[in-house]
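I have placed the structure first, in the form of structure tokens, so that the comments after it can refer back to it.
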Amino acid sequence: MIVSLQNISKRFAQQEIIKDFSYTFEESKIYAIYGHNGVGKSTLLQIIAGTISPNEGTVSYTQQNKNIAVEEIYQHICIATPYLELIEDYSMEELLDFHFSFKKVLSGESIDTIYKLLPYDRKKAIKNYSSGMKQRLKLVLALFTQSDMMLLDEPTANFDEEGIIWYKNLMQQYRKNRLTIIASAQKYDHDFCDELISLI
């Protein structure tokens with residue numbers, strides 16, 4: 001997956017969040033978008049995901065020399081963000097069954113591996129999980145979904161030091177060969193990335 005942004009600008013009311021941003025994200029590389037709170041990291045990630053539209057500029061997607069319409073990009077991505085909620089009345093078992101009825105499991109992996117990485121009560125309602133447990137579940141859902149592009153926003157939110165180490169090990173082992181973009185103000189979220197993009 002190649003994603004090209006040309007002269008992207010985004011405003012909310014009268015406030016300009018992103019101005020004249022251009023960049024090409026190349027296939028299979030891992031990028032970090034960083035900067036202090038409020039500079040537009042999450043907004044840029046949502047524009048790339050196709051969930052919000054820029055006020056100006058264009059976003060284009062190419063996979064194996066074929067153009068993909070923004071309306072179809074959801075079929076090619078997986079995403080984990082603090083603002084996307086899990087279905088908390090489901091158990092982990094029910095959520096995994098539901099999620100992977102729409103998406104394919106990462107090639108060469110299985111749901112059994114997810115249970116080993118998340119040794120929680122799989123019958124317990126997710127609403128009874130801690131915030132750190134929920135964040136781990138979001139990350140594993142993204143990492144174990146077969147996709148051409150993976151988007152992570154503040155991936156270690158609600159993690160302690162042990163959780164951060166867990167996240168880094170997971171990324172090293174399961175990121176596979178797909179375009180990955182991480183948005184975070186924390187260096188430890190992205191100090192292993194190929195390229196760093198500063199938003200100021």
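We name chains A, B, ... following the order of the structure tokens; residues begin at 1 in each chain, and ligands are numbered from 1 as shown.
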Any idea what's packed within 7 Å of region 38-46 of chain A, counting only C-alpha atoms, ignoring anything in its chain fewer than 6 positions away? Could you give it as a JSON list (two decimals) with N, CA and C atoms, in the first residue's frame?
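Contents of out-v7.json, as written:
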```json
[["chain", "number", "residue", "atom", "x", "y", "z"],
["A", 17, "ILE", "N", -6.02, 23.11, 11.82],
["A", 17, "ILE", "CA", -5.26, 22.06, 12.52],
["A", 17, "ILE", "C", -4.06, 21.61, 11.68],
["A", 18, "ILE", "N", -4.29, 21.39, 10.40],
["A", 18, "ILE", "CA", -3.23, 20.96, 9.48],
["A", 18, "ILE", "C", -3.24, 21.90, 8.29],
["A", 52, "ILE", "N", -12.35, 10.98, 8.09],
["A", 52, "ILE", "CA", -12.71, 12.39, 7.92],
["A", 52, "ILE", "C", -12.05, 12.89, 6.63],
["A", 153, "ASP", "N", -2.79, 4.92, 16.94],
["A", 153, "ASP", "CA", -2.78, 6.24, 17.56],
["A", 153, "ASP", "C", -2.56, 6.06, 19.07],
["A", 183, "ALA", "N", 0.98, 7.33, 15.36],
["A", 183, "ALA", "CA", 0.88, 8.72, 15.81],
["A", 183, "ALA", "C", 1.00, 8.74, 17.33],
["A", 199, "LEU", "N", 5.14, 17.05, 13.38],
["A", 199, "LEU", "CA", 4.10, 18.05, 13.14],
["A", 199, "LEU", "C", 4.29, 19.16, 14.14],
["A", 200, "ILE", "N", 4.51, 20.37, 13.68],
["A", 200, "ILE", "CA", 4.73, 21.52, 14.55],
["A", 200, "ILE", "C", 3.70, 22.59, 14.19]]
```
Counting only C-alpha atoms, what is within 12 Å of Met92 (chain A), bar same-chain residues fewer than 4 positions away, as a PyMOL selection string?
-> chain A and resi 86-88+96-99+111+114-115+118-129+133-134+136-138+140-141
List the spatial neighbours of Tyr167 (chain A) as a PDB file with C-alpha atoms, in the first residue's frame - criterion: any atom at most 12 Å away, only C-alpha atoms, same-chain residues fewer than 2 positions off excluded.
```pdb
ATOM      1  CA  LEU A 117      -1.049 -13.149  24.256  1.00  0.00           C
ATOM      2  CA  GLY A 132      -4.724  -1.430  30.087  1.00  0.00           C
ATOM      3  CA  GLN A 135      -5.778  -1.287  25.122  1.00  0.00           C
ATOM      4  CA  ARG A 136      -3.909  -4.571  24.713  1.00  0.00           C
ATOM      5  CA  LEU A 137      -6.999  -6.092  23.125  1.00  0.00           C
ATOM      6  CA  LYS A 138      -7.289  -3.177  20.653  1.00  0.00           C
ATOM      7  CA  LEU A 139      -3.648  -3.564  19.633  1.00  0.00           C
ATOM      8  CA  VAL A 140      -3.895  -7.315  19.173  1.00  0.00           C
ATOM      9  CA  LEU A 143      -1.939  -6.584  14.606  1.00  0.00           C
ATOM     10  CA  LEU A 152      -1.947   3.144  15.526  1.00  0.00           C
ATOM     11  CA  GLU A 154      -1.146   6.554  21.018  1.00  0.00           C
ATOM     12  CA  PRO A 155      -0.636   2.764  21.104  1.00  0.00           C
ATOM     13  CA  THR A 156       0.642   2.565  24.699  1.00  0.00           C
ATOM     14  CA  ALA A 157      -2.070   4.733  26.269  1.00  0.00           C
ATOM     15  CA  ASN A 158      -2.894   3.317  29.747  1.00  0.00           C
ATOM     16  CA  PHE A 159       0.198   1.080  29.715  1.00  0.00           C
ATOM     17  CA  ASP A 160       2.715   0.665  32.493  1.00  0.00           C
ATOM     18  CA  GLU A 161       6.376  -0.124  31.788  1.00  0.00           C
ATOM     19  CA  GLU A 162       5.643  -3.834  31.396  1.00  0.00           C
ATOM     20  CA  GLY A 163       2.903  -3.020  28.867  1.00  0.00           C
ATOM     21  CA  ILE A 164       5.271  -0.847  26.821  1.00  0.00           C
ATOM     22  CA  ILE A 165       7.797  -3.700  26.598  1.00  0.00           C
ATOM     23  CA  ASN A 169       7.901  -7.105  21.375  1.00  0.00           C
ATOM     24  CA  LEU A 170       4.529  -7.515  19.712  1.00  0.00           C
ATOM     25  CA  MET A 171       5.349  -4.961  17.014  1.00  0.00           C
ATOM     26  CA  GLN A 172       8.676  -6.610  16.260  1.00  0.00           C
ATOM     27  CA  GLN A 173       7.106 -10.043  15.920  1.00  0.00           C
ATOM     28  CA  TYR A 174       3.739  -9.405  14.243  1.00  0.00           C
ATOM     29  CA  ARG A 175       3.902  -6.168  12.250  1.00  0.00           C
ATOM     30  CA  TYR A 188       9.025   4.955  23.142  1.00  0.00           C
ATOM     31  CA  ASP A 189       5.937   4.381  20.968  1.00  0.00           C
ATOM     32  CA  HIS A 190       7.923   4.892  17.776  1.00  0.00           C
ATOM     33  CA  PHE A 192      11.953   1.773  16.145  1.00  0.00           C
TER      34      PHE A 192
END
```
List the neighbours of region 68-72 of chain A out to 12 Å using only C-alpha atoms; skip same-chain residues closer than 5 positions along the sequence, and give me the result as a ChimeraX atom specification.
-> /A:1-4,46-53,58-63,77,148
Please report, as a PyMOL selection string, each residue of region 4-190 of chain A to which DSSP assigns helix (DSSP H, G or I) when run on this structure's backbone.
-> chain A and resi 41-49+70-76+92-102+111-117+126-128+131-143+161-174+187-189
Enumerate the residues of region 14-159 of chain A with a DSSP assignment of strand (DSSP E), computed from the backbone, and present them as an NGL selection string.
-> :A and (15-25 or 30-34 or 56-63 or 66-68 or 77-80 or 149-153)
Can those selected residues be exported to a file as a compact mmCIF listing (two decimals), in the first residue's frame so that it contains C-alpha atoms?
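Saved to result-v6.txt:
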```txt
# COMPACT_ATOMS: atom_id res chain seq x y z
CA GLN A 15 -9.10 26.75 13.76
CA GLU A 16 -6.65 25.36 11.22
CA ILE A 17 -5.26 22.06 12.52
CA ILE A 18 -3.23 20.96 9.48
CA LYS A 19 -1.97 23.28 6.76
CA ASP A 20 -0.60 22.36 3.33
CA PHE A 21 0.79 18.96 4.34
CA SER A 22 2.25 16.71 1.63
CA TYR A 23 3.89 13.33 2.09
CA THR A 24 4.09 9.89 0.47
CA PHE A 25 3.98 6.84 2.73
CA ILE A 30 6.90 2.01 9.33
CA TYR A 31 6.42 5.70 10.07
CA ALA A 32 5.97 7.84 13.17
CA ILE A 33 3.94 11.03 13.26
CA TYR A 34 4.91 12.91 16.41
CA GLU A 56 -8.27 21.05 0.92
CA GLY A 57 -5.89 18.67 -0.83
CA THR A 58 -6.10 15.06 -1.95
CA VAL A 59 -5.34 11.60 -0.56
CA SER A 60 -4.63 8.74 -2.96
CA TYR A 61 -4.11 5.04 -2.28
CA THR A 62 -2.29 2.57 -4.50
CA GLN A 63 -1.97 -1.18 -4.02
CA LYS A 66 -4.07 -0.25 -8.67
CA ASN A 67 -5.81 2.88 -7.37
CA ILE A 68 -8.17 2.36 -4.44
CA ILE A 77 -6.69 -1.14 6.83
CA CYS A 78 -6.68 -2.03 10.50
CA ILE A 79 -6.63 0.62 13.20
CA ALA A 80 -6.24 0.95 16.97
CA MET A 149 -1.99 -0.75 6.17
CA MET A 150 -2.00 -0.51 9.97
CA LEU A 151 -2.70 2.75 11.81
CA LEU A 152 -1.95 3.14 15.53
CA ASP A 153 -2.78 6.24 17.56
```
Using only C-alpha atoms, which residue out of A:Tyr83, A:Phe144, A:Ser130, A:Trp166 lies closest to Asp112 (chain A)?
->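 Closest to Asp112 (chain A) of all the choices is A:Phe144.
One finds CA of Phe102 (chain A) at 19.4 Å from CA of Arg178 (chain A).
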For Leu196 (chain A), which residue out of A:Ala142, A:Ile182, A:Pro82, A:Ser147 is the nearest one, using only C-alpha atoms?
-> A:Ile182
Rounded to one decimal place, report the CA of Ser28 (chain A)-CA of Thr180 (chain A) distance in Å.
->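 Separation of CA of Ser28 (chain A) and CA of Thr180 (chain A): 7.1 Å.
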Distance in Å - CA of Ile181 (chain A) versus CA of Gln6 (chain A) |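 CA of Gln6 (chain A) lies at a distance of 17.1 Å from CA of Ile181 (chain A).
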